[in-house]
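Peer 1: Below is a structure I'd like to ask you about.
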Amino acid sequence: MLILSDVKAYDALVVGMGPAGATAAYQLSKAGLSVLGLDKATHPRYKVCGGGLSARIDHILEDDYKSVVEHTVYGIQFSYRGADPFCLDSSSPIAYMVMRDRFDHFLLEKAKRAGSEVHESEPVTSCRQLPDGIEVITDRGRYLAKVDRESVGLVSGQALLVGDAAHLIDPLFGEGIYYAVRSGQLAAESILNQAHDRRRSLADYEEAVRREIYEEFRVAARMASIVYSYPRLCHRLLSRYQSIVKLYYDVLRGRETYQTFYVRAKGMAKASAKELLLEAISLR
Ligand SMILES: Cc1cc2nc3c(=O)[nH]c(=O)nc-3n(C[C@H](O)[C@H](O)[C@H](O)COP(=O)(O)OP(=O)(O)OC[C@H]3O[C@@H](n4cnc5c(N)ncnc54)[C@H](O)[C@@H]3O)c2cc1C
């Protein structure tokens, strides 16, 4: 029988070293906290994923991630049920393609270089809140996140959920990597703020996610309900009003938000409302 008597204490524990966890670990280590990252897999590990990063990732990752970019995307082909294709190219990147084994491994190694201790092939089996911190248990050991009873990636009132664990997936096209990285950064920011100023609270993280991500998802969900309810009409509309597609490319580049895009695209579409209505009737 395994006896887990020794408890190792860290300032922060990160459970899961995907893009969200590895980013949080990197930021926390860089700021001088002692961090343990635990992952059930051994990296580089295969991950089922399209590997598409919208170019807005350039605003939040340091440039060295480009070393693991396989392709840069300058245009998209749109078709409806494989027919009526049209392409719209752009002079600057709108997305990057990565292989998740290389990309995630890159982020994990970066966290390690910043000082994070990382245990791979060590799944977390349980965790609980103790008076002096959050305890995490694996089949190899017991760990305690001692600073302000905080942990990242665990379900607890004192812990922060990031990335997929927090359901941060764009409702329009299922993009999750950008939001995993961003939420990892926001979580680290919130933990560091509280470590420096006891009056700050972890609720800051929720507020930042609400402001920066949920507000965007609210609009993206509205757009998704239109696109997936009327795909044929949307395809026709986009092939005719390619300025709307170009505007969407600016969302991918982080120059527009979903919120500003929606307002402007609605304005463009309204200008041809009568034509659109006839189009919709003919497609019913
Ligand atoms: C088919 C498919 C295609 C997708 N395509 C895209 C795309 O093109 N672009 C895009 O942006 N997003 C895409 N996504 C979404 C994207 O994969 C996720 O949003 C992203 O991986 C979230 O990152 P994460 O760090 O939150 O989680 P993950 O990348 O899933 O990392 C979680 C980590 O936690 C570890 N772990 C899990 N349980 C434990 C445990 N008990 N103990 C220790 N470690 C544990 C895992 O081993 C893993 O390494 C796609 C998803 C799917 C399913």
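Starting from 1 in every chain, residues are counted up; chains themselves are A, B, ... following the order of the structure tokens, and ligands are numbered from 1 as listed.
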DSSP on the backbone, then: every residue of range 47-162 of chain A marked helix (DSSP H, G or I), written as a ChimeraX atom specification.
Peer 2: /A:55-59,63-68,100-113,147-149
Peer 1: Could you write those residues out with N, CA and C atoms, as a compact mmCIF listing (two decimals), in the first residue's frame?
Peer 2:
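Result file result17.txt:
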```
# COMPACT_ATOMS: atom_id res chain seq x y z
N ALA A 55 -5.26 34.55 -35.67
CA ALA A 55 -4.04 35.37 -35.60
C ALA A 55 -4.04 36.33 -34.41
N ARG A 56 -5.20 36.47 -33.74
CA ARG A 56 -5.21 37.34 -32.55
C ARG A 56 -4.33 36.80 -31.43
N ILE A 57 -3.92 35.52 -31.57
CA ILE A 57 -3.02 34.92 -30.58
C ILE A 57 -1.70 35.71 -30.52
N ASP A 58 -1.37 36.41 -31.63
CA ASP A 58 -0.16 37.24 -31.65
C ASP A 58 -0.17 38.31 -30.56
N HIS A 59 -1.38 38.73 -30.15
CA HIS A 59 -1.46 39.77 -29.13
C HIS A 59 -1.19 39.24 -27.72
N ASP A 63 6.52 36.04 -29.24
CA ASP A 63 6.72 35.67 -30.63
C ASP A 63 7.40 34.29 -30.83
N ASP A 64 8.05 33.79 -29.79
CA ASP A 64 8.81 32.53 -29.99
C ASP A 64 7.91 31.33 -30.30
N TYR A 65 6.58 31.44 -30.06
CA TYR A 65 5.70 30.31 -30.38
C TYR A 65 5.70 30.02 -31.88
N LYS A 66 6.12 31.00 -32.69
CA LYS A 66 6.13 30.83 -34.15
C LYS A 66 7.02 29.66 -34.57
N SER A 67 7.95 29.27 -33.68
CA SER A 67 8.83 28.14 -34.02
C SER A 67 8.05 26.83 -34.15
N VAL A 68 6.82 26.78 -33.62
CA VAL A 68 6.03 25.54 -33.75
C VAL A 68 4.82 25.73 -34.66
N ARG A 100 -0.78 19.91 -32.13
CA ARG A 100 -0.93 20.12 -30.69
C ARG A 100 0.19 19.48 -29.87
N ASP A 101 0.74 18.37 -30.35
CA ASP A 101 1.82 17.77 -29.55
C ASP A 101 2.99 18.75 -29.44
N ARG A 102 3.35 19.38 -30.57
CA ARG A 102 4.50 20.31 -30.57
C ARG A 102 4.15 21.61 -29.84
N PHE A 103 2.96 22.14 -30.12
CA PHE A 103 2.56 23.43 -29.54
C PHE A 103 2.46 23.33 -28.00
N ASP A 104 1.75 22.30 -27.55
CA ASP A 104 1.54 22.16 -26.10
C ASP A 104 2.87 21.87 -25.39
N HIS A 105 3.71 21.07 -26.05
CA HIS A 105 5.02 20.75 -25.47
C HIS A 105 5.87 22.01 -25.36
N PHE A 106 5.77 22.85 -26.38
CA PHE A 106 6.51 24.11 -26.38
C PHE A 106 6.10 24.96 -25.16
N LEU A 107 4.78 25.07 -24.92
CA LEU A 107 4.30 25.88 -23.79
C LEU A 107 4.74 25.28 -22.45
N LEU A 108 4.69 23.94 -22.40
CA LEU A 108 5.09 23.26 -21.16
C LEU A 108 6.58 23.48 -20.87
N GLU A 109 7.40 23.36 -21.92
CA GLU A 109 8.84 23.56 -21.73
C GLU A 109 9.14 25.00 -21.31
N LYS A 110 8.34 25.91 -21.83
CA LYS A 110 8.53 27.33 -21.49
C LYS A 110 8.22 27.54 -20.00
N ALA A 111 7.16 26.89 -19.53
CA ALA A 111 6.82 26.99 -18.10
C ALA A 111 7.95 26.42 -17.26
N LYS A 112 8.52 25.30 -17.72
CA LYS A 112 9.63 24.68 -16.98
C LYS A 112 10.83 25.61 -16.93
N ARG A 113 11.15 26.20 -18.08
CA ARG A 113 12.31 27.11 -18.13
C ARG A 113 12.11 28.31 -17.21
N VAL A 147 -0.30 29.27 -0.76
CA VAL A 147 -0.53 30.72 -0.78
C VAL A 147 -2.01 31.02 -0.99
N ASP A 148 -2.59 31.64 -0.03
CA ASP A 148 -3.98 32.11 -0.13
C ASP A 148 -4.95 31.02 -0.57
N ARG A 149 -4.58 29.78 -0.31
CA ARG A 149 -5.47 28.66 -0.59
C ARG A 149 -5.92 28.64 -2.06
```
Peer 1: So which residues are near ligand 1, meaning at most 7 Å away with only C-alpha atoms and all ligand atoms counted, given back as a ChimeraX atom specification?
Peer 2: /A:15-21,38-41,48-53,122-125,162-165,169,174-178,180
Peer 1: Considering only C-alpha atoms, state which residue in the set A:Val263, A:Glu206, A:Gly133, A:Ile94 is at the smallest distance from Val251 in chain A.
Peer 2: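 Of A:Val263, A:Glu206, A:Gly133, A:Ile94, the one nearest Val251 in chain A, counting only C-alpha atoms, is A:Ile94.
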Peer 1: Quick one: pick out all strand (DSSP E) residues within range 10-235 of chain A from a backbone DSSP run and write them as a ChimeraX atom specification.
Peer 2: /A:10,12-15,35-38,52-54,69-73,75-80,83-89,95-98,117-119,124-130,133-138,142-145,151-152,159-160
Peer 1: Fewer than 3 positions away in the same chain doesn't count, so skip those; otherwise give me all residues within 12 Å of Tyr262 in chain A, counting only C-alpha atoms, as a list in words.
Peer 2: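 Non-adjacent residues within range: Glu216, Phe217, Arg218, Val219, Ala220, Ala221, Arg222, Met223, Ala224, Ile226, Ile244, Val245, Leu247, Tyr248, Val251, Glu256, Thr257, Tyr258, Gln259, Ala265, Lys266, Gly267, Met268, Ala269 and Lys270 of chain A.
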Peer 1: How would the residues just chosen look if you wrote them out with C-alpha atoms as a PDB file, in the first residue's frame?
Peer 2:
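Listing of selection.pdb after writing:
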```pdb
ATOM      1  CA  GLU A 216     -17.716  38.084 -26.861  1.00  0.00           C
ATOM      2  CA  PHE A 217     -19.254  34.612 -26.615  1.00  0.00           C
ATOM      3  CA  ARG A 218     -22.699  36.121 -26.121  1.00  0.00           C
ATOM      4  CA  VAL A 219     -22.452  37.785 -29.546  1.00  0.00           C
ATOM      5  CA  ALA A 220     -20.707  34.765 -31.120  1.00  0.00           C
ATOM      6  CA  ALA A 221     -23.595  32.567 -29.909  1.00  0.00           C
ATOM      7  CA  ARG A 222     -26.090  34.915 -31.540  1.00  0.00           C
ATOM      8  CA  MET A 223     -24.094  34.738 -34.779  1.00  0.00           C
ATOM      9  CA  ALA A 224     -23.882  30.937 -34.520  1.00  0.00           C
ATOM     10  CA  ILE A 226     -28.025  32.654 -37.465  1.00  0.00           C
ATOM     11  CA  ILE A 244     -18.336  41.276 -44.281  1.00  0.00           C
ATOM     12  CA  VAL A 245     -15.855  38.401 -44.625  1.00  0.00           C
ATOM     13  CA  LEU A 247     -14.368  42.413 -41.477  1.00  0.00           C
ATOM     14  CA  TYR A 248     -14.561  38.946 -39.915  1.00  0.00           C
ATOM     15  CA  VAL A 251     -11.996  39.670 -35.746  1.00  0.00           C
ATOM     16  CA  GLU A 256     -12.282  43.930 -34.296  1.00  0.00           C
ATOM     17  CA  THR A 257     -14.193  42.180 -31.535  1.00  0.00           C
ATOM     18  CA  TYR A 258     -17.289  40.051 -32.144  1.00  0.00           C
ATOM     19  CA  GLN A 259     -19.242  42.900 -30.612  1.00  0.00           C
ATOM     20  CA  ALA A 265     -21.944  43.691 -40.248  1.00  0.00           C
ATOM     21  CA  LYS A 266     -25.595  44.303 -39.340  1.00  0.00           C
ATOM     22  CA  GLY A 267     -25.235  47.822 -40.724  1.00  0.00           C
ATOM     23  CA  MET A 268     -23.794  46.465 -43.977  1.00  0.00           C
ATOM     24  CA  ALA A 269     -26.533  43.843 -44.275  1.00  0.00           C
ATOM     25  CA  LYS A 270     -29.307  46.332 -43.440  1.00  0.00           C
TER      26      LYS A 270
END
```
